[in-house]
>>> print(open('entry.tsv').read())   # TSV, C-alpha atoms and all ligand atoms
chain	number	residue	atom	x	y	z
A	28	MET	CA	-64.23	0.45	102.62
A	29	ALA	CA	-61.77	2.82	100.98
A	30	SER	CA	-62.16	3.13	97.22
A	31	HIS	CA	-59.45	2.02	94.85
A	32	PHE	CA	-58.27	5.63	94.41
A	33	GLU	CA	-58.26	6.24	98.18
A	34	GLN	CA	-56.24	3.09	98.76
A	35	LEU	CA	-53.72	4.17	96.18
A	36	GLU	CA	-53.41	7.64	97.69
A	37	GLN	CA	-52.94	6.21	101.16
A	38	SER	CA	-50.29	3.73	100.07
A	39	MET	CA	-48.24	6.37	98.28
A	40	ASP	CA	-48.78	9.22	100.77
A	41	GLN	CA	-47.73	7.59	104.04
A	42	THR	CA	-44.02	8.00	103.39
A	43	PRO	CA	-42.18	10.86	101.70
A	44	SER	CA	-40.63	10.13	98.33
A	45	PHE	CA	-37.05	10.66	97.14
A	46	ASP	CA	-37.18	14.42	97.73
A	47	GLY	CA	-38.70	14.24	101.22
A	48	GLN	CA	-42.19	15.26	100.09
A	49	VAL	CA	-45.23	13.10	99.44
A	50	ALA	CA	-46.31	12.19	95.94
A	51	GLN	CA	-49.17	13.79	94.06
A	52	LEU	CA	-51.54	11.35	92.40
A	53	ILE	CA	-53.79	11.90	89.38
A	54	HIS	CA	-56.66	9.59	88.47
A	55	LEU	CA	-58.54	9.31	85.18
A	56	ALA	CA	-61.60	7.22	84.41
A	57	ASN	CA	-63.50	6.66	81.17
A	58	ASP	CA	-67.14	5.89	80.36
A	59	ASN	CA	-66.57	2.14	80.39
A	60	GLY	CA	-65.21	2.06	83.93
A	61	MET	CA	-61.54	1.77	82.97
A	62	THR	CA	-59.28	3.75	85.30
A	63	VAL	CA	-55.65	4.82	85.17
A	64	SER	CA	-53.66	6.47	87.95
A	65	PHE	CA	-50.35	8.31	87.87
A	66	MET	CA	-48.00	10.01	90.26
A	67	ASP	CA	-45.66	12.92	89.78
A	68	ILE	CA	-42.70	10.89	91.05
A	69	GLY	CA	-41.27	9.43	87.87
A	70	ALA	CA	-44.44	10.48	85.99
A	71	THR	CA	-45.34	6.94	86.95
A	72	TRP	CA	-48.28	4.96	85.58
A	73	LEU	CA	-49.24	3.41	88.89
A	74	SER	CA	-52.45	1.58	88.21
A	75	CYS	CA	-54.70	0.44	85.39
A	76	THR	CA	-58.02	-1.21	86.14
A	77	LEU	CA	-60.19	-2.77	83.47
A	78	PRO	CA	-63.82	-3.82	83.70
A	79	VAL	CA	-63.62	-7.57	83.07
A	80	LYS	CA	-66.63	-9.85	83.54
A	81	GLY	CA	-68.34	-7.33	85.82
A	82	GLU	CA	-65.30	-6.86	88.03
A	83	SER	CA	-62.51	-4.35	88.17
A	84	ARG	CA	-59.16	-5.98	87.34
A	85	GLU	CA	-55.80	-4.37	88.19
A	86	ILE	CA	-53.42	-5.28	85.37
A	87	LEU	CA	-50.28	-3.38	86.44
A	88	LEU	CA	-47.67	-4.46	88.94
A	89	ARG	CA	-46.58	-1.90	91.52
A	90	SER	CA	-45.00	-1.46	94.92
A	91	PRO	CA	-47.29	-1.80	97.95
A	92	ASN	CA	-46.31	1.64	99.24
A	93	MET	CA	-43.91	4.53	98.73
A	94	ALA	CA	-41.35	3.12	101.19
A	95	GLU	CA	-40.97	0.09	98.91
A	96	HIS	CA	-41.36	2.08	95.70
A	97	ILE	CA	-38.25	4.12	96.41
A	98	LYS	CA	-36.24	0.94	97.10
A	99	GLN	CA	-37.20	-1.16	94.07
A	100	SER	CA	-35.12	-1.43	90.93
A	101	ALA	CA	-37.90	-2.77	88.71
A	102	TYR	CA	-38.88	0.75	87.54
A	103	PHE	CA	-42.59	-0.09	87.99
A	104	GLY	CA	-44.60	2.07	85.57
A	105	SER	CA	-42.13	4.94	85.57
A	106	ILE	CA	-40.94	7.07	82.71
A	107	VAL	CA	-37.31	6.17	82.28
A	108	GLY	CA	-34.71	8.51	80.79
A	109	ARG	CA	-32.75	10.30	79.58
A	110	PHE	CA	-31.80	7.10	77.92
A	111	ALA	CA	-34.00	4.07	78.49
A	112	ASN	CA	-32.15	0.75	78.54
A	113	ARG	CA	-28.39	0.42	78.56
A	114	ILE	CA	-25.37	2.40	77.47
A	115	ALA	CA	-22.21	0.28	77.52
A	116	LEU	CA	-19.87	1.33	80.33
A	117	GLY	CA	-21.95	4.51	80.57
A	118	ARG	CA	-19.75	6.01	77.86
A	119	PHE	CA	-20.42	7.52	74.48
A	120	GLU	CA	-18.97	10.03	72.08
A	121	ILE	CA	-20.87	12.89	70.49
A	122	GLU	CA	-19.38	15.33	68.00
A	123	GLY	CA	-15.89	14.17	68.96
A	124	LYS	CA	-16.42	14.61	72.70
A	125	GLN	CA	-16.40	11.73	75.21
A	126	TYR	CA	-19.08	11.58	77.87
A	127	GLN	CA	-19.34	9.45	81.00
A	128	VAL	CA	-22.77	8.95	82.55
A	129	GLY	CA	-23.73	7.13	85.75
A	130	VAL	CA	-22.98	3.41	85.93
A	131	ASN	CA	-25.72	1.61	87.87
A	132	ASN	CA	-26.09	-1.82	86.24
A	133	GLY	CA	-22.91	-3.86	86.52
A	134	GLU	CA	-20.45	-1.89	84.41
A	135	ASN	CA	-23.19	-0.26	82.33
A	136	SER	CA	-25.64	2.61	82.62
A	137	LEU	CA	-29.33	1.66	82.80
A	138	HIS	CA	-32.41	3.85	82.39
A	139	GLY	CA	-30.66	7.20	82.68
A	140	GLY	CA	-28.17	6.36	85.42
A	141	ILE	CA	-28.18	6.62	89.19
A	142	ASP	CA	-30.67	9.46	89.50
A	143	GLY	CA	-32.82	8.73	86.46
A	144	PHE	CA	-36.06	10.42	85.47
A	145	ASP	CA	-37.99	7.70	87.35
A	146	LYS	CA	-36.72	9.22	90.61
A	147	ARG	CA	-37.61	12.83	89.81
A	148	ARG	CA	-40.65	14.80	90.76
A	149	TRP	CA	-42.26	15.90	87.52
A	150	ALA	CA	-44.43	19.03	87.34
A	151	VAL	CA	-48.11	18.49	86.62
A	152	ALA	CA	-48.42	20.99	83.78
A	153	GLU	CA	-52.00	20.22	82.71
A	154	HIS	CA	-54.75	18.01	83.99
A	155	SER	CA	-58.30	17.38	82.77
A	156	ALA	CA	-60.86	14.61	83.13
A	157	ASN	CA	-59.13	12.52	80.47
A	158	HIS	CA	-55.52	13.68	80.34
A	159	VAL	CA	-52.51	14.76	82.34
A	160	VAL	CA	-49.27	16.36	81.19
A	161	PHE	CA	-46.07	15.92	83.18
A	162	ARG	CA	-43.00	18.09	82.55
A	163	LEU	CA	-39.39	17.78	83.55
A	164	HIS	CA	-36.32	19.94	83.04
A	165	SER	CA	-32.99	18.17	83.04
A	166	ALA	CA	-30.07	20.60	83.23
A	167	ASP	CA	-26.94	20.47	81.09
A	168	GLY	CA	-24.63	17.91	82.73
A	169	ASP	CA	-27.41	16.07	84.58
A	170	GLN	CA	-26.06	12.55	85.25
A	171	GLY	CA	-23.25	13.43	82.84
A	172	TYR	CA	-25.49	14.03	79.81
A	173	PRO	CA	-24.91	17.09	77.64
A	174	GLY	CA	-27.54	19.76	77.02
A	175	ASN	CA	-30.50	21.32	78.75
A	176	LEU	CA	-33.31	18.92	78.05
A	177	ASP	CA	-37.00	19.71	78.41
A	178	VAL	CA	-39.34	16.77	78.42
A	179	SER	CA	-43.06	16.40	78.53
A	180	VAL	CA	-45.13	13.26	78.77
A	181	THR	CA	-48.87	13.34	78.11
A	182	TYR	CA	-51.14	10.53	79.21
A	183	THR	CA	-54.63	10.47	77.66
A	184	LEU	CA	-57.33	7.94	78.47
A	185	THR	CA	-59.86	7.41	75.68
A	186	ASP	CA	-63.34	5.93	75.68
A	187	GLU	CA	-61.94	3.21	73.40
A	188	ASN	CA	-60.03	1.90	76.44
A	189	ALA	CA	-56.71	3.19	75.19
A	190	LEU	CA	-53.99	4.88	77.16
A	191	VAL	CA	-52.14	7.17	74.76
A	192	ILE	CA	-48.67	8.22	75.89
A	193	GLY	CA	-47.18	11.20	74.07
A	194	TYR	CA	-43.50	12.03	74.49
A	195	GLN	CA	-41.88	15.34	73.59
A	196	ALA	CA	-38.34	16.53	74.15
A	197	SER	CA	-36.05	19.33	73.07
A	198	THR	CA	-32.40	20.00	73.78
A	199	ASP	CA	-29.86	22.77	73.27
A	200	LYS	CA	-26.95	20.32	72.71
A	201	THR	CA	-26.85	17.04	70.84
A	202	CYS	CA	-27.57	14.28	73.34
A	203	PRO	CA	-28.94	10.74	73.65
A	204	VAL	CA	-32.70	10.76	74.37
A	205	ASN	CA	-34.76	7.62	74.69
A	206	LEU	CA	-37.90	7.89	76.78
A	207	THR	CA	-40.21	5.02	77.56
A	208	ASN	CA	-42.73	3.85	80.10
A	209	HIS	CA	-41.71	0.85	82.19
A	210	ALA	CA	-45.13	-0.60	83.09
A	211	TYR	CA	-45.34	-4.30	83.95
A	212	PHE	CA	-48.49	-5.98	82.71
A	213	ASN	CA	-50.24	-9.04	84.02
A	214	LEU	CA	-53.45	-9.17	82.02
A	215	ALA	CA	-54.86	-11.95	84.20
A	216	GLY	CA	-54.64	-9.59	87.15
A	217	GLU	CA	-51.83	-8.30	89.34
A	218	GLY	CA	-52.58	-10.81	92.08
A	219	SER	CA	-53.78	-13.65	89.86
A	220	GLY	CA	-50.65	-15.77	90.11
A	221	ALA	CA	-50.53	-16.01	86.31
A	222	LYS	CA	-47.08	-15.60	84.79
A	223	SER	CA	-45.76	-13.58	81.89
A	224	LEU	CA	-44.93	-16.99	80.39
A	225	ASP	CA	-48.66	-17.90	80.32
A	226	HIS	CA	-49.49	-14.91	78.12
A	227	GLN	CA	-49.71	-15.01	74.37
A	228	LEU	CA	-47.67	-12.47	72.43
A	229	GLN	CA	-47.46	-11.32	68.84
A	230	LEU	CA	-44.80	-8.85	67.68
A	231	ASN	CA	-44.66	-7.30	64.25
A	232	ALA	CA	-40.87	-7.63	64.33
A	233	GLU	CA	-38.67	-9.52	61.88
A	234	GLY	CA	-35.45	-8.83	63.80
A	235	TYR	CA	-34.07	-8.69	67.33
A	236	LEU	CA	-30.87	-7.46	68.94
A	237	PRO	CA	-28.78	-10.24	70.53
A	238	THR	CA	-26.80	-9.10	73.57
A	239	ASP	CA	-23.77	-9.94	75.69
A	240	SER	CA	-24.20	-11.02	79.32
A	241	GLY	CA	-24.41	-7.37	80.41
A	242	LEU	CA	-27.38	-7.05	78.00
A	243	ILE	CA	-25.52	-4.74	75.63
A	244	PRO	CA	-26.49	-5.44	72.01
A	245	SER	CA	-23.70	-6.91	69.89
A	246	GLY	CA	-24.66	-4.60	67.03
A	247	GLU	CA	-26.12	-7.36	64.88
A	248	ILE	CA	-29.80	-7.26	63.90
A	249	LYS	CA	-30.64	-10.94	63.80
A	250	ALA	CA	-33.61	-12.36	61.91
A	251	VAL	CA	-36.23	-13.87	64.23
A	252	GLN	CA	-37.27	-16.42	61.64
A	253	GLY	CA	-36.58	-19.96	62.77
A	254	THR	CA	-35.64	-18.83	66.31
A	255	SER	CA	-37.39	-18.65	69.68
A	256	PHE	CA	-37.55	-14.89	69.08
A	257	ASP	CA	-40.11	-15.33	66.32
A	258	PHE	CA	-43.37	-13.80	67.59
A	259	THR	CA	-44.63	-12.83	64.15
A	260	GLN	CA	-47.52	-15.22	64.79
A	261	PRO	CA	-49.24	-15.30	68.20
A	262	LYS	CA	-47.23	-17.54	70.52
A	263	ASN	CA	-47.26	-18.47	74.19
A	264	ILE	CA	-44.29	-16.75	75.74
A	265	GLY	CA	-43.41	-19.88	77.71
A	266	SER	CA	-43.44	-22.20	74.73
A	267	GLU	CA	-39.81	-21.69	73.72
A	268	PHE	CA	-38.59	-20.05	76.90
A	269	LEU	CA	-34.84	-20.27	77.57
A	270	THR	CA	-34.36	-22.67	74.67
A	271	GLU	CA	-31.55	-20.77	72.95
A	272	PRO	CA	-28.21	-19.22	73.96
A	273	ASP	CA	-29.38	-15.66	73.20
A	274	GLN	CA	-32.18	-16.08	75.75
A	275	LYS	CA	-30.00	-17.92	78.27
A	276	THR	CA	-27.52	-15.04	78.24
A	277	ALA	CA	-30.33	-12.68	79.26
A	278	GLY	CA	-32.18	-15.03	81.65
A	279	GLY	CA	-35.18	-15.07	79.30
A	280	TYR	CA	-36.56	-12.45	76.97
A	281	ASP	CA	-34.99	-9.05	77.63
A	282	HIS	CA	-34.29	-7.89	74.11
A	283	ALA	CA	-35.10	-5.14	71.67
A	284	PHE	CA	-37.36	-6.39	68.89
A	285	VAL	CA	-37.06	-4.28	65.77
A	286	PHE	CA	-40.31	-3.21	64.16
A	287	GLU	CA	-40.68	-3.05	60.43
A	288	PRO	CA	-40.69	0.68	59.51
A	289	GLN	CA	-44.22	0.45	58.07
A	290	VAL	CA	-45.67	-0.53	61.46
A	291	THR	CA	-44.23	2.44	63.33
A	292	ASP	CA	-46.71	4.98	61.97
A	293	GLY	CA	-48.43	5.04	65.35
A	294	GLN	CA	-51.65	3.67	63.80
A	295	THR	CA	-50.69	0.10	62.97
A	296	VAL	CA	-50.81	-2.56	65.66
A	297	ALA	CA	-47.18	-3.43	66.38
A	298	ALA	CA	-47.72	-5.84	69.29
A	299	ILE	CA	-50.60	-7.84	70.73
A	300	LEU	CA	-50.62	-9.37	74.20
A	301	ARG	CA	-53.37	-11.73	75.37
A	302	SER	CA	-54.16	-12.92	78.88
A	303	PRO	CA	-53.84	-16.64	79.57
A	304	GLN	CA	-57.66	-17.01	79.63
A	305	GLN	CA	-57.91	-14.85	76.49
A	306	ASP	CA	-60.31	-12.51	78.29
A	307	VAL	CA	-58.12	-9.40	77.92
A	308	THR	CA	-56.22	-8.29	74.83
A	309	MET	CA	-53.75	-5.42	74.74
A	310	LYS	CA	-52.73	-3.86	71.44
A	311	VAL	CA	-49.66	-1.68	71.20
A	312	LYS	CA	-49.16	1.00	68.55
A	313	THR	CA	-46.08	3.16	68.44
A	314	THR	CA	-43.88	5.54	66.49
A	315	LYS	CA	-40.72	4.12	68.08
A	316	PRO	CA	-38.50	1.78	66.09
A	317	ALA	CA	-38.30	-1.06	68.64
A	318	VAL	CA	-39.78	-2.59	71.74
A	319	GLN	CA	-37.88	-4.09	74.65
A	320	PHE	CA	-39.81	-7.21	75.49
A	321	TYR	CA	-38.80	-8.09	79.04
A	322	SER	CA	-40.34	-11.21	80.60
A	323	GLY	CA	-39.75	-10.18	84.23
A	324	ASN	CA	-36.49	-12.06	84.74
A	325	PHE	CA	-35.31	-9.87	87.64
A	326	LEU	CA	-38.62	-9.56	89.50
A	327	ALA	CA	-37.93	-12.16	92.20
A	328	GLU	CA	-38.12	-10.86	95.78
A	329	THR	CA	-39.48	-7.46	94.78
A	330	PRO	CA	-42.23	-6.42	97.24
A	331	GLY	CA	-45.46	-5.91	95.32
A	332	LEU	CA	-49.05	-4.88	95.88
A	333	SER	CA	-50.59	-8.32	96.51
A	334	LYS	CA	-47.42	-10.24	97.43
A	335	THR	CA	-43.68	-10.36	97.04
A	336	TYR	CA	-43.23	-10.85	93.32
A	337	GLU	CA	-41.56	-13.88	91.87
A	338	LEU	CA	-39.86	-14.41	88.56
A	339	TYR	CA	-42.08	-13.68	85.55
A	340	ASP	CA	-45.02	-12.25	87.55
A	341	GLY	CA	-45.38	-9.55	84.89
A	342	LEU	CA	-43.85	-8.40	81.64
A	343	ALA	CA	-42.86	-5.13	80.08
A	344	LEU	CA	-43.22	-3.95	76.49
A	345	GLU	CA	-41.07	-0.84	76.46
A	346	THR	CA	-41.23	0.99	73.14
A	347	GLN	CA	-37.88	2.60	72.51
A	348	PHE	CA	-34.85	3.38	70.37
A	349	PHE	CA	-32.14	0.75	70.12
A	350	PRO	CA	-30.28	0.03	73.39
A	351	ASP	CA	-26.71	1.37	73.39
A	352	GLY	CA	-27.62	3.27	70.21
A	353	PRO	CA	-25.28	6.19	71.00
A	354	ASN	CA	-22.38	3.72	70.60
A	355	LYS	CA	-23.62	2.19	67.35
A	356	PRO	CA	-23.00	4.68	64.50
A	357	ASP	CA	-24.42	2.24	61.91
A	358	TRP	CA	-27.88	2.39	63.42
A	359	GLY	CA	-28.68	5.86	62.04
A	360	VAL	CA	-31.98	7.35	63.23
A	361	ASN	CA	-32.63	4.35	65.49
A	362	ARG	CA	-29.73	5.36	67.77
A	363	GLY	CA	-31.82	7.73	69.87
A	364	VAL	CA	-29.69	10.86	69.58
A	365	LEU	CA	-31.46	14.22	69.56
A	366	THR	CA	-29.99	17.39	68.06
A	367	PRO	CA	-30.82	21.01	68.98
A	368	GLY	CA	-33.85	21.99	66.91
A	369	GLY	CA	-34.51	18.32	66.19
A	370	SER	CA	-37.93	16.88	66.82
A	371	TYR	CA	-38.55	14.29	69.51
A	372	GLN	CA	-42.25	13.59	69.29
A	373	HIS	CA	-43.38	10.07	69.88
A	374	GLN	CA	-46.51	8.26	70.77
A	375	THR	CA	-47.27	4.82	72.14
A	376	VAL	CA	-50.79	3.51	72.61
A	377	TYR	CA	-51.77	0.63	74.88
A	378	GLN	CA	-55.31	-0.31	73.93
A	379	PHE	CA	-57.34	-2.86	75.82
A	380	GLU	CA	-60.18	-5.13	74.73
A	381	CYS	CA	-62.04	-6.91	77.48
B	1	LIG	C1	-35.37	-3.18	81.66
B	1	LIG	C2	-34.16	-3.98	81.40
B	1	LIG	C3	-34.15	-5.18	82.26
B	1	LIG	C4	-34.26	-4.80	83.72
B	1	LIG	C5	-35.46	-3.93	83.93
B	1	LIG	C6	-35.52	-3.38	85.31
B	1	LIG	O1	-36.47	-3.79	81.17
B	1	LIG	O2	-34.03	-4.35	80.04
B	1	LIG	O3	-32.96	-5.89	82.06
B	1	LIG	O4	-33.11	-4.11	84.11
B	1	LIG	O5	-35.44	-2.85	83.04
B	1	LIG	O6	-35.42	-4.35	86.27
>>> encode(input="entry.tsv", output="structure tokens")
Amino acid sequence: MASHFEQLEQSMDQTPSFDGQVAQLIHLANDNGMTVSFMDIGATWLSCTLPVKGESREILLRSPNMAEHIKQSAYFGSIVGRFANRIALGRFEIEGKQYQVGVNNGENSLHGGIDGFDKRRWAVAEHSANHVVFRLHSADGDQGYPGNLDVSVTYTLTDENALVIGYQASTDKTCPVNLTNHAYFNLAGEGSGAKSLDHQLQLNAEGYLPTDSGLIPSGEIKAVQGTSFDFTQPKNIGSEFLTEPDQKTAGGYDHAFVFEPQVTDGQTVAAILRSPQQDVTMKVKTTKPAVQFYSGNFLAETPGLSKTYELYDGLALETQFFPDGPNKPDWGVNRGVLTPGGSYQHQTVYQFEC
């Protein structure tokens, strides 16, 4: 029988990707038997297997093959950019100049526009037994964004069962930059049938960003206290699901939760996700100011590895700047706007206990 890595290679190599060539895959394994796999298309985190109760458990959702991967709009495991999440009407102003970027989500721009970073072939710049570095150059004017942007994403697997994602970017013109990984987790197992709603979540966030029906934040940072958005104590995601207008507008949880500044040192645990059976725990640490907690509200009818996914078959915890930040001057450093010579160096850690 083909090994897990061989199966992955076969599924992604049978059909050419967006650029007519086949994907290149990179696999890493640690001493405990945890594995992670990536491909150069979208610098995508394709697979994550954990040793749980003597078995290998796949905890990421993905497409069954490349033919389906290039059709899906779930952004399975990809690096999204230049600007993760939404920009209202795809418009923003920088230094007095108006810009229009690709509109691909109703009237708004989502995850970098029509030809986002998830659809690009990234260069494999470095690769060792425990890390891989992907690089991408995005030319001035790419998708309408100003500035030549150079991006690198480093994935490192540790023997503490952590995947460390390092993000670096530099630009020669001021431009919005907001890079994140769009992995979907199902800690009970990709094919387990468990739902995002069955997981337990804790977020070190006292505020969230309510949105309009196009999922553009209103600009208000609302206190979570006393609302269904309060995850400051561990809570089952399903327990207050769709109970309030702010959730109903979004079809569930699909909101930026704002971390307290003291938890974004990259060392402090900012989020904890537990599997329904409590046999796997994922801890998230980050230097980013917020996390988009998305409960999988658009997953229905997306072909997946073990089956066609249904609503809430997985969830994403996308660490990021504030959605539509370029249009919200009051949000200061949380807007996700990079200047020439400015530093974009971020890190997010997904650490697993099983
Ligand atoms: C992000 C968005 C969601 C959805 C997914 C992709 O998480 O916030 O609304 O668009 O990407 O399906």
>>> residues_near_ligand(input="entry.tsv", ligand="ligand LIG 1 (chain B)", cutoff="10 Å", atoms="all atoms listed in the file", output="PyMOL selection string")
chain A and resi 99-103+107+111-113+132+137-138+208-211+241-243+277-283+319-326+329+342-345+350
>>> residues_around(input="entry.tsv", residues="Asp46 (chain A)", least_positions_apart="6", cutoff="10 Å", atoms="only C-alpha atoms", output="CSV table (one decimal) with C-alpha atoms, in the coordinates of the input")
chain,number,residue,atom,x,y,z
A,68,ILE,CA,-42.7,10.9,91.0
A,146,LYS,CA,-36.7,9.2,90.6
A,147,ARG,CA,-37.6,12.8,89.8
A,148,ARG,CA,-40.6,14.8,90.8
>>> atom_distance(input="entry.tsv", atom1="CA of Arg362 (chain A)", atom2="CA of Ser255 (chain A)")
25.3 Å
>>> closest_residue(input="entry.tsv", among="A:Gly117, A:Glu82, A:Val191, A:Lys200", to="Pro173 (chain A)", atoms="all atoms listed in the file")
A:Lys200
>>> closest_residue(input="entry.tsv", among="A:Thr185, A:Thr291, A:Asn354, A:Ser197", to="Leu163 (chain A)", atoms="only C-alpha atoms")
A:Ser197
>>> atom_distance(input="entry.tsv", atom1="CA of Pro203 (chain A)", atom2="CA of Leu87 (chain A)")
28.6 Å
>>> atom_distance(input="entry.tsv", atom1="CA of Met66 (chain A)", atom2="CA of His96 (chain A)")
11.7 Å
>>> closest_residue(input="entry.tsv", among="A:Ser90, A:Thr254, A:Asn131, A:Asn213", to="Ser333 (chain A)", atoms="all atoms listed in the file")
A:Ser90
>>> residues_near_point(input="entry.tsv", point="(-43.9, 6.2, 68.2)", cutoff="9 Å", atoms="all atoms listed in the file", output="list in words")
Gly193, Tyr194, Thr291, Asp292, Gly293, Lys312, Thr313, Thr314, Lys315, Pro316, Thr346, Gln347, Gln372, His373, Gln374, Thr375 and Val376 of chain A
>>> residues_around(input="entry.tsv", residues="Thr276 (chain A)", least_positions_apart="3", cutoff="7 Å", atoms="all atoms listed in the file", output="JSON list (two decimals) with C-alpha atoms, keeping the file's coordinate frame")
[["chain", "number", "residue", "atom", "x", "y", "z"],
["A", 239, "ASP", "CA", -23.77, -9.94, 75.69],
["A", 240, "SER", "CA", -24.20, -11.02, 79.32],
["A", 272, "PRO", "CA", -28.21, -19.22, 73.96],
["A", 273, "ASP", "CA", -29.38, -15.66, 73.20]]
>>> closest_residue(input="entry.tsv", among="A:Gln170, A:Ser38, A:Gln229, A:Thr76", to="Glu95 (chain A)", atoms="all atoms listed in the file")
A:Ser38
>>> residues_near_point(input="entry.tsv", point="(-63.0, 8.1, 77.3)", cutoff="10 Å", atoms="only C-alpha atoms", output="count of residues only")
19
>>> closest_residue(input="entry.tsv", among="A:Gly246, A:Pro330, A:Gly234, A:Gly216", to="Glu85 (chain A)", atoms="all atoms listed in the file")
A:Gly216
>>> closest_residue(input="entry.tsv", among="A:Glu122, A:Arg109, A:Glu33, A:Cys202", to="His164 (chain A)", atoms="all atoms listed in the file")
A:Arg109
>>> residues_around(input="entry.tsv", residues="Phe110 (chain A)", least_positions_apart="2", cutoff="6 Å", atoms="only C-alpha atoms", output="VMD selection string")
chain A and resid 108 138 to 139 204 to 205
>>> write_last_selection(input="entry.tsv", atoms="C-alpha atoms", output="short mmCIF file (atom, residue, chain, number, x, y, z; two decimals), in the frame of the given file")
data_model
loop_
_atom_site.label_atom_id
_atom_site.label_comp_id
_atom_site.auth_asym_id
_atom_site.auth_seq_id
_atom_site.Cartn_x
_atom_site.Cartn_y
_atom_site.Cartn_z
CA GLY A 108 -34.71 8.51 80.79
CA HIS A 138 -32.41 3.85 82.39
CA GLY A 139 -30.66 7.20 82.68
CA VAL A 204 -32.70 10.76 74.37
CA ASN A 205 -34.76 7.62 74.69
#
>>> residues_around(input="entry.tsv", residues="Val160 (chain A)", least_positions_apart="3", cutoff="6 Å", atoms="all atoms listed in the file", output="number ranges by chain")
A: 151-153, 180-181
>>> write_last_selection(input="entry.tsv", atoms="C-alpha atoms", output="PDB file, keeping the file's coordinate frame")
ATOM      1  CA  VAL A 151     -48.110  18.490  86.620  1.00  0.00           C
ATOM      2  CA  ALA A 152     -48.420  20.990  83.780  1.00  0.00           C
ATOM      3  CA  GLU A 153     -52.000  20.220  82.710  1.00  0.00           C
ATOM      4  CA  VAL A 180     -45.130  13.260  78.770  1.00  0.00           C
ATOM      5  CA  THR A 181     -48.870  13.340  78.110  1.00  0.00           C
TER       6      THR A 181
END
>>> residues_around(input="entry.tsv", residues="Ile121 (chain A)", least_positions_apart="3", cutoff="12 Å", atoms="only C-alpha atoms", output="count of residues only")
21
>>> decode(input="entry.tsv", residues="region 103-114 of chain A", atoms="N, CA and C atoms", output="PDB file, in the first residue's frame")
ATOM      1  N   PHE A 103      -8.065  25.974   1.210  1.00  0.00           N
ATOM      2  CA  PHE A 103      -7.500  24.933   2.068  1.00  0.00           C
ATOM      3  C   PHE A 103      -5.993  25.083   2.290  1.00  0.00           C
ATOM      4  N   GLY A 104      -5.600  25.426   3.495  1.00  0.00           N
ATOM      5  CA  GLY A 104      -4.190  25.403   3.899  1.00  0.00           C
ATOM      6  C   GLY A 104      -3.255  26.393   3.228  1.00  0.00           C
ATOM      7  N   SER A 105      -3.784  27.209   2.321  1.00  0.00           N
ATOM      8  CA  SER A 105      -2.895  28.076   1.546  1.00  0.00           C
ATOM      9  C   SER A 105      -2.459  29.304   2.331  1.00  0.00           C
ATOM     10  N   ILE A 106      -1.372  29.898   1.854  1.00  0.00           N
ATOM     11  CA  ILE A 106      -1.011  31.238   2.317  1.00  0.00           C
ATOM     12  C   ILE A 106      -1.846  32.199   1.482  1.00  0.00           C
ATOM     13  N   VAL A 107      -2.592  33.051   2.158  1.00  0.00           N
ATOM     14  CA  VAL A 107      -3.402  34.017   1.428  1.00  0.00           C
ATOM     15  C   VAL A 107      -2.779  35.406   1.551  1.00  0.00           C
ATOM     16  N   GLY A 108      -2.870  36.168   0.470  1.00  0.00           N
ATOM     17  CA  GLY A 108      -2.297  37.506   0.415  1.00  0.00           C
ATOM     18  C   GLY A 108      -2.558  38.097  -0.962  1.00  0.00           C
ATOM     19  N   ARG A 109      -2.132  39.377  -1.271  1.00  0.00           N
ATOM     20  CA  ARG A 109      -1.431  40.202  -0.299  1.00  0.00           C
ATOM     21  C   ARG A 109      -2.213  40.509   0.950  1.00  0.00           C
ATOM     22  N   PHE A 110      -3.510  40.621   0.803  1.00  0.00           N
ATOM     23  CA  PHE A 110      -4.256  41.030   1.985  1.00  0.00           C
ATOM     24  C   PHE A 110      -5.294  39.970   2.326  1.00  0.00           C
ATOM     25  N   ALA A 111      -4.992  39.194   3.387  1.00  0.00           N
ATOM     26  CA  ALA A 111      -5.943  38.189   3.850  1.00  0.00           C
ATOM     27  C   ALA A 111      -7.233  38.884   4.283  1.00  0.00           C
ATOM     28  N   ASN A 112      -8.335  38.154   4.087  1.00  0.00           N
ATOM     29  CA  ASN A 112      -9.661  38.665   4.445  1.00  0.00           C
ATOM     30  C   ASN A 112     -10.087  39.778   3.471  1.00  0.00           C
ATOM     31  N   ARG A 113     -11.031  40.586   3.884  1.00  0.00           N
ATOM     32  CA  ARG A 113     -11.720  41.435   2.907  1.00  0.00           C
ATOM     33  C   ARG A 113     -11.268  42.891   2.904  1.00  0.00           C
ATOM     34  N   ILE A 114     -11.361  43.470   1.720  1.00  0.00           N
ATOM     35  CA  ILE A 114     -11.211  44.918   1.557  1.00  0.00           C
ATOM     36  C   ILE A 114     -12.497  45.389   0.875  1.00  0.00           C
TER      37      ILE A 114
END
